[in-house]
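Participant: Structure: data-v3.txt, compact mmCIF, C-alpha atoms and all ligand atoms.
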```txt
# COMPACT_ATOMS: atom_id res chain seq x y z
CA MET A 1 -2.04 13.99 -12.15
CA LYS A 2 -4.69 12.22 -10.11
CA ILE A 3 -4.91 8.42 -10.15
CA THR A 4 -8.46 8.69 -11.45
CA GLU A 5 -7.25 10.87 -14.35
CA HIS A 6 -4.47 8.41 -15.18
CA ILE A 7 -7.09 5.66 -15.34
CA ALA A 8 -9.62 7.72 -17.31
CA ASN A 9 -6.95 8.66 -19.92
CA ALA A 10 -5.48 5.14 -20.25
CA LYS A 11 -5.51 3.34 -23.60
CA ASP A 12 -4.18 0.08 -22.15
CA THR A 13 -3.66 -1.53 -18.73
CA LEU A 14 -1.45 0.75 -16.65
CA ILE A 15 1.53 -0.31 -14.56
CA SER A 16 2.37 1.10 -11.13
CA PHE A 17 4.79 0.16 -8.34
CA GLU A 18 5.03 0.38 -4.57
CA VAL A 19 8.27 1.00 -2.70
CA LEU A 20 9.25 1.23 0.95
CA PRO A 21 11.34 4.15 2.20
CA PRO A 22 14.96 3.03 2.73
CA LEU A 23 15.96 2.13 6.29
CA LYS A 24 17.20 5.11 8.30
CA GLY A 25 20.90 5.66 7.57
CA LYS A 26 20.63 4.78 3.88
CA THR A 27 20.61 7.48 1.24
CA ILE A 28 18.07 8.29 -1.46
CA HIS A 29 20.43 6.59 -3.93
CA SER A 30 19.49 3.18 -2.53
CA LEU A 31 15.93 3.96 -3.57
CA TYR A 32 17.01 5.09 -7.04
CA GLU A 33 19.02 1.84 -7.45
CA HIS A 34 15.83 -0.03 -6.58
CA LEU A 35 13.65 1.96 -8.97
CA ASP A 36 16.02 2.49 -11.91
CA PRO A 37 15.50 -1.04 -13.36
CA LEU A 38 11.73 -0.47 -13.32
CA MET A 39 11.55 2.91 -15.00
CA GLU A 40 11.75 1.51 -18.55
CA PHE A 41 8.08 0.50 -18.09
CA GLN A 42 7.05 4.12 -17.59
CA PRO A 43 4.94 3.46 -14.50
CA SER A 44 1.97 5.77 -14.20
CA TRP A 45 2.79 6.37 -10.54
CA ILE A 46 4.82 5.03 -7.63
CA ASN A 47 3.35 4.44 -4.18
CA VAL A 48 5.50 5.06 -1.12
CA THR A 49 4.54 3.34 2.14
CA TYR A 50 4.36 5.10 5.51
CA HIS A 51 5.74 3.59 8.70
CA ARG A 52 4.97 4.38 12.31
CA SER A 53 7.64 4.25 14.99
CA GLU A 54 8.33 1.05 16.90
CA THR A 55 8.99 0.68 20.62
CA MET A 56 12.36 -0.89 21.34
CA PHE A 57 14.25 -1.71 24.51
CA LYS A 58 17.91 -0.67 24.26
CA LYS A 59 20.44 -2.02 26.74
CA LYS A 60 22.24 0.72 28.69
CA LEU A 61 25.84 0.55 30.00
CA ASP A 62 24.62 -0.30 33.53
CA GLY A 63 22.76 -3.33 32.17
CA SER A 64 19.29 -1.83 32.52
CA PHE A 65 16.99 -1.33 29.54
CA GLU A 66 15.68 1.92 28.17
CA LYS A 67 12.40 2.12 26.24
CA VAL A 68 12.86 4.11 23.03
CA GLU A 69 10.62 4.95 20.08
CA VAL A 70 12.40 4.36 16.78
CA ARG A 71 11.15 5.19 13.29
CA LYS A 72 13.14 2.87 11.07
CA ARG A 73 11.73 4.08 7.78
CA PRO A 74 11.02 7.80 7.92
CA GLY A 75 11.01 10.01 4.85
CA THR A 76 7.80 9.23 2.93
CA VAL A 77 7.05 12.87 2.16
CA GLY A 78 10.63 13.66 1.09
CA ILE A 79 10.83 10.48 -1.00
CA CYS A 80 7.64 11.39 -2.84
CA ALA A 81 9.14 14.79 -3.69
CA ALA A 82 12.41 13.10 -4.78
CA ILE A 83 10.58 10.62 -7.05
CA LYS A 84 8.57 13.39 -8.66
CA ASN A 85 11.67 15.49 -9.20
CA HIS A 86 14.09 12.72 -10.26
CA TYR A 87 11.82 10.65 -12.53
CA SER A 88 8.99 13.09 -13.36
CA VAL A 89 6.52 10.43 -12.25
CA ASP A 90 3.60 10.90 -9.88
CA ALA A 91 4.27 9.69 -6.36
CA VAL A 92 1.48 8.46 -4.10
CA PRO A 93 2.24 8.66 -0.39
CA HIS A 94 0.45 6.34 1.99
CA ILE A 95 -0.85 8.17 5.03
CA ILE A 96 -1.80 6.30 8.18
CA CYS A 97 -3.70 6.93 11.42
CA GLY A 98 -1.43 4.83 13.66
CA GLY A 99 1.25 6.73 15.56
CA PHE A 100 0.17 10.18 14.42
CA THR A 101 -2.04 12.88 15.88
CA ARG A 102 -4.48 14.63 13.57
CA ARG A 103 -2.37 17.79 13.87
CA GLU A 104 0.77 15.95 12.72
CA THR A 105 -1.23 14.49 9.84
CA GLU A 106 -2.51 17.92 8.90
CA ASP A 107 1.06 19.23 8.74
CA ALA A 108 2.17 16.29 6.55
CA LEU A 109 -0.79 16.92 4.21
CA ILE A 110 0.12 20.60 4.00
CA ASP A 111 3.71 19.63 3.03
CA LEU A 112 2.39 17.23 0.37
CA ASP A 113 0.04 19.86 -1.01
CA PHE A 114 2.87 22.44 -1.21
CA LEU A 115 4.96 19.87 -3.10
CA GLY A 116 2.22 19.48 -5.70
CA ILE A 117 1.43 15.91 -4.69
CA ASP A 118 -2.26 15.38 -5.36
CA ASN A 119 -2.78 11.71 -4.46
CA VAL A 120 -2.85 9.91 -1.12
CA LEU A 121 -3.64 6.32 -0.14
CA VAL A 122 -5.54 6.60 3.13
CA LEU A 123 -4.99 3.79 5.65
CA ARG A 124 -5.42 3.00 9.29
CA GLY A 125 -2.09 1.22 9.87
CA ASP A 126 -1.52 -1.79 12.09
CA ALA A 127 -0.80 -2.18 15.77
CA PRO A 128 2.89 -1.87 16.71
CA LYS A 129 4.67 -5.26 16.66
CA ASN A 130 4.62 -5.69 20.43
CA GLU A 131 0.95 -4.70 20.89
CA ALA A 132 -2.04 -6.98 20.43
CA SER A 133 -4.49 -4.55 18.90
CA PHE A 134 -4.57 -1.20 17.15
CA GLU A 135 -4.97 1.84 19.38
CA ALA A 136 -5.25 5.31 17.94
CA GLU A 137 -2.85 7.95 19.16
CA LYS A 138 -4.33 10.46 21.65
CA GLY A 139 -5.73 13.10 19.28
CA GLY A 140 -5.28 10.76 16.33
CA ASN A 141 -7.63 9.15 13.81
CA HIS A 142 -9.15 5.76 14.72
CA TYR A 143 -10.12 4.33 11.35
CA ALA A 144 -9.16 5.04 7.76
CA ILE A 145 -12.59 6.65 7.30
CA ASP A 146 -11.73 9.24 9.99
CA LEU A 147 -8.46 10.07 8.23
CA LEU A 148 -10.36 10.26 4.94
CA ALA A 149 -12.72 12.82 6.54
CA GLN A 150 -9.68 14.89 7.48
CA VAL A 151 -8.40 14.75 3.87
CA THR A 152 -11.76 15.60 2.33
CA GLY A 153 -12.16 18.35 4.94
CA MET A 154 -8.90 19.93 3.79
CA ASN A 155 -10.07 19.55 0.18
CA ASN A 156 -12.92 21.82 1.30
CA GLY A 157 -10.60 24.26 3.07
CA ILE A 158 -11.35 22.95 6.57
CA TYR A 159 -8.36 22.81 8.92
CA LEU A 160 -8.16 21.77 12.57
CA ASP A 161 -7.61 25.35 13.69
CA GLU A 162 -11.13 26.79 13.79
CA ASP A 163 -9.71 30.32 13.48
CA ILE A 164 -8.69 29.59 9.89
CA LYS A 165 -11.39 31.10 7.71
CA ASN A 166 -11.37 30.56 3.94
CA GLY A 167 -8.45 28.14 4.21
CA GLY A 168 -6.76 27.12 0.96
CA LYS A 169 -8.38 24.01 -0.50
CA THR A 170 -6.13 21.02 -1.08
CA ASN A 171 -6.90 18.84 -4.08
CA PHE A 172 -6.13 15.28 -3.01
CA CYS A 173 -7.46 12.24 -4.81
CA ALA A 174 -7.81 9.67 -2.02
CA GLY A 175 -7.68 5.90 -2.44
CA VAL A 176 -8.41 3.30 0.23
CA ALA A 177 -7.48 -0.31 0.92
CA GLY A 178 -9.63 -3.34 0.08
CA TYR A 179 -9.19 -6.97 1.09
CA PRO A 180 -10.33 -9.69 -1.34
CA GLU A 181 -9.75 -12.21 1.48
CA LYS A 182 -11.27 -9.96 4.19
CA HIS A 183 -9.43 -7.75 6.66
CA PHE A 184 -8.29 -9.99 9.49
CA GLU A 185 -10.09 -8.04 12.21
CA ALA A 186 -13.49 -8.02 10.48
CA PRO A 187 -15.93 -10.66 11.73
CA ASN A 188 -17.01 -11.49 8.17
CA LEU A 189 -16.53 -10.36 4.56
CA GLU A 190 -20.00 -8.77 4.35
CA LEU A 191 -19.34 -6.38 7.23
CA ASP A 192 -15.82 -5.65 5.96
CA LEU A 193 -17.27 -4.74 2.54
CA GLU A 194 -19.96 -2.57 4.09
CA ARG A 195 -17.25 -0.66 5.95
CA MET A 196 -15.24 -0.38 2.77
CA LYS A 197 -18.28 0.99 0.95
CA GLN A 198 -18.62 3.60 3.69
CA LYS A 199 -15.13 4.81 2.75
CA ILE A 200 -16.19 5.14 -0.90
CA ASP A 201 -19.41 6.93 0.06
CA ALA A 202 -17.26 9.28 2.18
CA GLY A 203 -15.23 10.33 -0.86
CA ALA A 204 -12.55 7.71 -1.62
CA GLU A 205 -12.07 7.56 -5.40
CA TYR A 206 -10.51 4.14 -5.90
CA ILE A 207 -9.67 0.92 -4.07
CA MET A 208 -6.23 -0.67 -3.96
CA THR A 209 -6.23 -4.27 -2.81
CA GLN A 210 -4.15 -6.32 -0.49
CA MET A 211 -1.97 -8.84 -2.33
CA PHE A 212 -3.61 -12.10 -3.39
CA PHE A 213 -2.33 -15.19 -5.18
CA ASP A 214 -5.60 -16.58 -6.48
CA ASN A 215 -7.29 -14.40 -9.09
CA GLU A 216 -10.66 -16.05 -8.43
CA LYS A 217 -10.67 -14.33 -5.02
CA PHE A 218 -10.13 -10.97 -6.72
CA TYR A 219 -12.88 -11.61 -9.31
CA ALA A 220 -15.32 -12.58 -6.54
CA PHE A 221 -14.37 -9.45 -4.57
CA VAL A 222 -14.93 -7.20 -7.61
CA LYS A 223 -18.34 -8.81 -8.23
CA LEU A 224 -19.41 -8.30 -4.61
CA CYS A 225 -18.28 -4.66 -4.78
CA ARG A 226 -20.14 -4.01 -8.05
CA ASP A 227 -23.27 -5.78 -6.72
CA MET A 228 -23.34 -3.44 -3.75
CA GLY A 229 -23.04 -0.36 -5.98
CA ILE A 230 -19.32 0.38 -5.69
CA THR A 231 -18.34 1.78 -9.08
CA VAL A 232 -14.84 3.19 -8.43
CA PRO A 233 -11.74 1.57 -10.02
CA ILE A 234 -10.45 -1.48 -8.16
CA ILE A 235 -6.69 -1.88 -8.50
CA PRO A 236 -5.16 -5.30 -7.79
CA GLY A 237 -2.04 -5.34 -5.59
CA LEU A 238 0.42 -8.02 -6.73
CA LYS A 239 3.49 -9.55 -5.17
CA PRO A 240 5.80 -12.37 -6.25
CA LEU A 241 6.57 -15.30 -3.95
CA THR A 242 10.35 -15.63 -3.90
CA ASN A 243 11.29 -18.04 -1.11
CA LYS A 244 9.95 -20.88 1.02
CA LYS A 245 9.74 -18.87 4.24
CA GLN A 246 7.06 -16.69 2.66
CA LEU A 247 4.71 -19.69 2.58
CA SER A 248 4.19 -19.16 6.30
CA ILE A 249 5.17 -15.48 6.68
CA LEU A 250 2.72 -14.03 4.14
CA PRO A 251 -0.37 -15.81 5.52
CA ARG A 252 0.65 -14.82 9.07
CA ILE A 253 1.37 -11.15 8.35
CA PHE A 254 -1.00 -10.38 5.50
CA HIS A 255 -3.75 -12.94 6.16
CA VAL A 256 -3.80 -14.27 2.60
CA ASP A 257 -4.09 -17.82 1.31
CA ILE A 258 -1.46 -19.41 -0.92
CA PRO A 259 -3.09 -21.78 -3.45
CA THR A 260 -2.05 -25.44 -3.08
CA GLU A 261 -0.61 -25.59 -6.60
CA LEU A 262 1.70 -22.66 -5.84
CA SER A 263 2.76 -23.86 -2.38
CA ASN A 264 3.46 -27.37 -3.77
CA ALA A 265 5.60 -25.92 -6.55
CA ILE A 266 7.54 -23.72 -4.12
CA ASN A 267 8.03 -26.60 -1.69
CA LYS A 268 9.61 -28.68 -4.46
CA CYS A 269 12.25 -25.97 -5.12
CA LYS A 270 15.82 -26.62 -3.98
CA THR A 271 17.09 -23.01 -3.99
CA ASP A 272 15.74 -19.48 -3.68
CA THR A 273 16.57 -19.00 -7.36
CA ASP A 274 14.22 -21.89 -8.20
CA CYS A 275 11.57 -20.33 -5.93
CA GLU A 276 11.97 -16.99 -7.72
CA LYS A 277 11.44 -18.74 -11.04
CA VAL A 278 8.21 -20.35 -9.83
CA GLY A 279 7.04 -17.09 -8.23
CA THR A 280 7.80 -15.16 -11.42
CA GLU A 281 5.90 -17.62 -13.62
CA TRP A 282 2.91 -17.54 -11.25
CA LEU A 283 2.83 -13.74 -11.20
CA VAL A 284 3.16 -13.53 -15.01
CA GLN A 285 0.16 -15.85 -15.34
CA GLN A 286 -1.82 -13.91 -12.72
CA SER A 287 -0.98 -10.61 -14.47
CA LYS A 288 -1.94 -11.86 -17.93
CA GLU A 289 -5.29 -13.14 -16.68
CA LEU A 290 -6.01 -9.92 -14.75
CA LYS A 291 -5.18 -7.88 -17.84
CA LYS A 292 -7.62 -9.98 -19.85
CA PHE A 293 -10.23 -9.52 -17.11
CA GLY A 294 -9.89 -5.77 -17.71
CA VAL A 295 -8.27 -4.40 -14.58
CA PRO A 296 -7.32 -0.73 -15.04
CA VAL A 297 -3.88 -1.10 -13.48
CA LEU A 298 -1.45 -3.83 -12.45
CA HIS A 299 0.10 -2.57 -9.22
CA TYR A 300 3.25 -4.38 -8.06
CA TYR A 301 4.64 -4.47 -4.53
CA THR A 302 8.34 -4.39 -5.35
CA LEU A 303 9.52 -5.03 -1.75
CA GLY A 304 13.22 -5.54 -2.40
CA LYS A 305 12.64 -7.57 -5.58
CA PRO A 306 12.79 -5.07 -8.45
CA LYS A 307 14.50 -7.57 -10.80
CA VAL A 308 11.74 -10.14 -10.34
CA ILE A 309 9.11 -7.49 -11.02
CA ARG A 310 11.08 -6.40 -14.08
CA ASP A 311 11.07 -9.97 -15.42
CA VAL A 312 7.32 -10.19 -14.85
CA VAL A 313 6.45 -6.87 -16.48
CA HIS A 314 8.72 -7.66 -19.46
CA GLN A 315 6.63 -10.74 -20.14
CA ILE A 316 3.26 -9.01 -20.04
CA MET A 317 4.02 -5.80 -21.96
P1 LIG A 401 -9.83 0.49 8.07
O1 LIG A 401 -10.55 0.75 6.80
O2 LIG A 401 -9.93 1.52 9.13
O3 LIG A 401 -10.35 -0.92 8.63
C1 LIG A 401 -9.64 -1.57 9.67
C2 LIG A 401 -10.54 -2.61 10.33
O4 LIG A 401 -11.55 -1.93 11.07
C3 LIG A 401 -11.30 -3.51 9.34
O5 LIG A 401 -11.41 -4.79 9.93
C4 LIG A 401 -12.65 -2.85 9.21
O6 LIG A 401 -13.64 -3.81 8.84
C5 LIG A 401 -12.84 -2.31 10.61
N1 LIG A 401 -13.64 -1.09 10.69
C6 LIG A 401 -13.66 -0.07 9.82
N2 LIG A 401 -14.50 0.88 10.27
C7 LIG A 401 -14.99 0.45 11.44
C8 LIG A 401 -15.90 0.99 12.41
N3 LIG A 401 -16.48 2.18 12.24
N4 LIG A 401 -16.16 0.25 13.51
C9 LIG A 401 -15.61 -0.96 13.72
N5 LIG A 401 -14.73 -1.52 12.84
C10 LIG A 401 -14.45 -0.81 11.73
N6 LIG A 401 0.09 -0.10 6.69
C11 LIG A 401 1.03 0.82 7.06
O7 LIG A 401 1.30 0.97 8.25
N7 LIG A 401 1.68 1.58 6.12
C12 LIG A 401 1.42 1.46 4.80
O8 LIG A 401 2.03 2.16 3.99
C13 LIG A 401 0.44 0.50 4.37
N8 LIG A 401 0.11 0.35 3.06
C14 LIG A 401 -0.90 -0.52 2.68
C15 LIG A 401 -1.29 -0.57 1.35
C16 LIG A 401 -2.34 -1.43 0.95
C17 LIG A 401 -2.75 -1.47 -0.51
C18 LIG A 401 -2.98 -2.24 1.92
C19 LIG A 401 -4.08 -3.18 1.50
C20 LIG A 401 -2.60 -2.19 3.25
C21 LIG A 401 -1.57 -1.31 3.66
N9 LIG A 401 -1.18 -1.19 5.00
C22 LIG A 401 -0.22 -0.27 5.38
C23 LIG A 401 -1.78 -2.06 6.02
C24 LIG A 401 -3.06 -1.44 6.63
O9 LIG A 401 -2.71 -0.29 7.37
C25 LIG A 401 -3.67 -2.52 7.53
O10 LIG A 401 -4.17 -3.56 6.75
C26 LIG A 401 -4.66 -2.06 8.57
O11 LIG A 401 -4.85 -3.13 9.51
C27 LIG A 401 -6.04 -1.70 8.03
O12 LIG A 401 -6.01 -0.56 7.31
P2 LIG A 401 -7.36 -0.02 6.56
O13 LIG A 401 -7.01 1.28 5.97
O14 LIG A 401 -7.91 -1.07 5.70
O15 LIG A 401 -8.28 0.21 7.85
```
Can you turn what I pasted into structure tokens?
Facilitator:
Amino acid sequence: MKITEHIANAKDTLISFEVLPPLKGKTIHSLYEHLDPLMEFQPSWINVTYHRSETMFKKKLDGSFEKVEVRKRPGTVGICAAIKNHYSVDAVPHIICGGFTRRETEDALIDLDFLGIDNVLVLRGDAPKNEASFEAEKGGNHYAIDLLAQVTGMNNGIYLDEDIKNGGKTNFCAGVAGYPEKHFEAPNLELDLERMKQKIDAGAEYIMTQMFFDNEKFYAFVKLCRDMGITVPIIPGLKPLTNKKQLSILPRIFHVDIPTELSNAINKCKTDTDCEKVGTEWLVQQSKELKKFGVPVLHYYTLGKPKVIRDVVHQIM
């Protein structure tokens, strides 16, 4: 079922989760162990992230280094099929521009369509760790809006091969990312929002946000979106803080602010267990307030912390 249908049919606030594919070498059972504790909440869907390859330098026997491309977390398409099959829950693959040509993307979309997966979250992706800025692959999409055009094209039976006439129409419901605290590359929030609106005008059917720890930032973002005529559902992305290192890692990687009250409370903790307790309480409070505000869905980034998320959801159901 499409995300938009889940939301339209909902009688209460929905719950959904995001997982990462297991590291290469692990089996699908590591993912099931991660998800099993969360299934009692009957999530409406589960998002699965997509990861580009990374360039690594491996030392050879003669002491020289060899440059190799390594994909540490492949398997998004297969995992989505496994989730659907194992739990009978909708799976939402993320698809990204970075590291993929448009032809490779087309093939992945064909696989997803054959598997009966009718949702995608359309993203640009980030630059590889050792590169300063994002560069599209030769023959790849540059921005999320270009990838979105490819998806909506296939929904209209348009494939890259011009010889294909009357191509089968896919039926993807596409979501896009939104940033309550602005995307870090955008010069200002206004321009970032204008570009986000372009994605909605181009056919995206909902927005899923970057994590945030201050609900006021989300409320302000929703207001700005509504004021500029964006009417699609806006789904808040939520993550618990669970250790002190995240106080610097999350702002650096995700470009989000941590409110003073939360950072003070985490700094006072003596152990990671104490931090988890503070992070859980904060996320419970955030979730309760967002529910009251009327968000359609509470979407949790589980990122290796399914038990924390379980504690949180238990307290808000
Ligand atoms: P875009 O919408 O393309 O925007 C990127 C930047 O370009 C913005 O600053 C925007 O303002 C600017 N821009 C847009 N259009 C133009 C234009 N025409 N000209 C000039 N500038 C323009 N990454 C992964 O690799 N895998 C994942 O699974 C993944 N999942 C995510 C899930 C969510 C909910 C979120 C919020 C992010 C996720 N990311 C993921 C990270 C995401 O790929 C990065 O944040 C990336 O830097 C931007 O992606 P986007 O889709 O927002 O890009």
Participant: Using only C-alpha atoms and all ligand atoms, determine which residues fall within 6 Å of ligand LIG 401 (chain A), then list them as an MDAnalysis selection string.
Facilitator: chainID A and resid 49:51 94 123:126 143:144 177:178 183 185:186 192 195 208:210
Participant: May I ask which of the residues A:Lys288, A:Lys169, A:Lys223, A:Arg102 is the closest one to Leu148 of chain A, counting only C-alpha atoms?
Facilitator: A:Arg102
Participant: Counting all atoms listed in the file, what is within 7 Å of Ala174 of chain A, bar same-chain residues fewer than 5 positions away, as a PyMOL selection string?
Facilitator: chain A and resi 119-122+204-205
Participant: Separation of atom CA of Glu33 of chain A and atom CA of Ile253 of chain A, in Å?
Facilitator: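 About the pair atom CA of Glu33 of chain A and atom CA of Ile253 of chain A: they are 27.0 Å apart.
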Participant: For a test of reading the model, state the distance in Å between atom CA of Phe134 of chain A and atom CA of Val19 of chain A, rounded to one decimal.
Facilitator: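 If I compute the distance from atom CA of Phe134 of chain A to atom CA of Val19 of chain A, I get 23.7 Å.
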Participant: Record the distance separating atom CA of Glu137 of chain A and atom CA of Ala108 of chain A, expressed in Å with one decimal.
Facilitator: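 Rounded to one decimal, the two atoms are 15.9 Å apart.
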Participant: Would you kindly identify which residues have an atom no farther than 12 Å from (-15.0, -9.2, -3.4), using all atoms listed in the file and the file's own coordinates, and write them out as a PyMOL selection string?
Facilitator: chain A and resi 178-183+188-194+196-197+207+209-210+212+215-228+230+234+236
Participant: Pick out the closest residue to Glu131 of chain A from this set: A:Ile117, A:His29, A:Thr55, A:Thr273. Count only C-alpha atoms.
Facilitator: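 Closest residue, counting only C-alpha atoms: A:Thr55.
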Participant: Select all residues near (8.2, -3.7, -17.1) (cut-off 9 Å, inclusive, file coordinates), counting all atoms listed in the file, and output them as a compact mmCIF listing (two decimals) with C-alpha atoms, in the coordinates of the input.
Facilitator:
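And here's selection_18.txt as it stands now:
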```
# COMPACT_ATOMS: atom_id res chain seq x y z
CA ILE A 15 1.53 -0.31 -14.56
CA PRO A 37 15.50 -1.04 -13.36
CA LEU A 38 11.73 -0.47 -13.32
CA MET A 39 11.55 2.91 -15.00
CA GLU A 40 11.75 1.51 -18.55
CA PHE A 41 8.08 0.50 -18.09
CA GLN A 42 7.05 4.12 -17.59
CA PRO A 43 4.94 3.46 -14.50
CA ILE A 309 9.11 -7.49 -11.02
CA ARG A 310 11.08 -6.40 -14.08
CA ASP A 311 11.07 -9.97 -15.42
CA VAL A 312 7.32 -10.19 -14.85
CA VAL A 313 6.45 -6.87 -16.48
CA HIS A 314 8.72 -7.66 -19.46
CA GLN A 315 6.63 -10.74 -20.14
CA ILE A 316 3.26 -9.01 -20.04
CA MET A 317 4.02 -5.80 -21.96
```
Participant: Return the single residue from A:Thr302, A:Asn85, A:Thr280, A:Thr101 that is closest to Glu135 of chain A, with distances computed using all atoms listed in the file.
Facilitator: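 Closest to Glu135 of chain A, using all atoms listed in the file: A:Thr101.
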Participant: Can you report as lines of an AutoDock Vina configuration file the centre and edge lengths in Å, to one decimal, of an axis-aligned box around the listed atoms of segment 139-148 of chain A padded with 6 Å on each side?
Facilitator:
```
center_x = -8.9
center_y = 8.7
center_z = 12.1
size_x = 19.3
size_y = 20.8
size_z = 26.3
```
Participant: With distances taken over all atoms listed in the file, which residue among A:Ala127, A:Ile96, A:Leu23, A:Ala10 lies nearest Glu54 of chain A?
Facilitator: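 Comparing A:Ala127, A:Ile96, A:Leu23, A:Ala10 against Glu54 of chain A, the winner is A:Ala127.
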Participant: Nearest to Ile28 of chain A: which of A:Ile79, A:Leu238, A:Asp62, A:Tyr300 is it, counting all atoms listed in the file?
Facilitator: A:Ile79
Participant: With distances taken over all atoms listed in the file, which residue among A:Ala91, A:Lys138, A:Asn156, A:Gly294 lies nearest Gly203 of chain A?
Facilitator: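 Between A:Ala91, A:Lys138, A:Asn156, A:Gly294, the residue approaching Gly203 of chain A most closely is A:Asn156.
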Participant: If we count only C-alpha atoms, what is near Val68 of chain A at a cut-off of 12 Å, once residues fewer than 6 positions away on the same chain are taken out, given as a ChimeraX atom specification?
Facilitator: /A:53-60
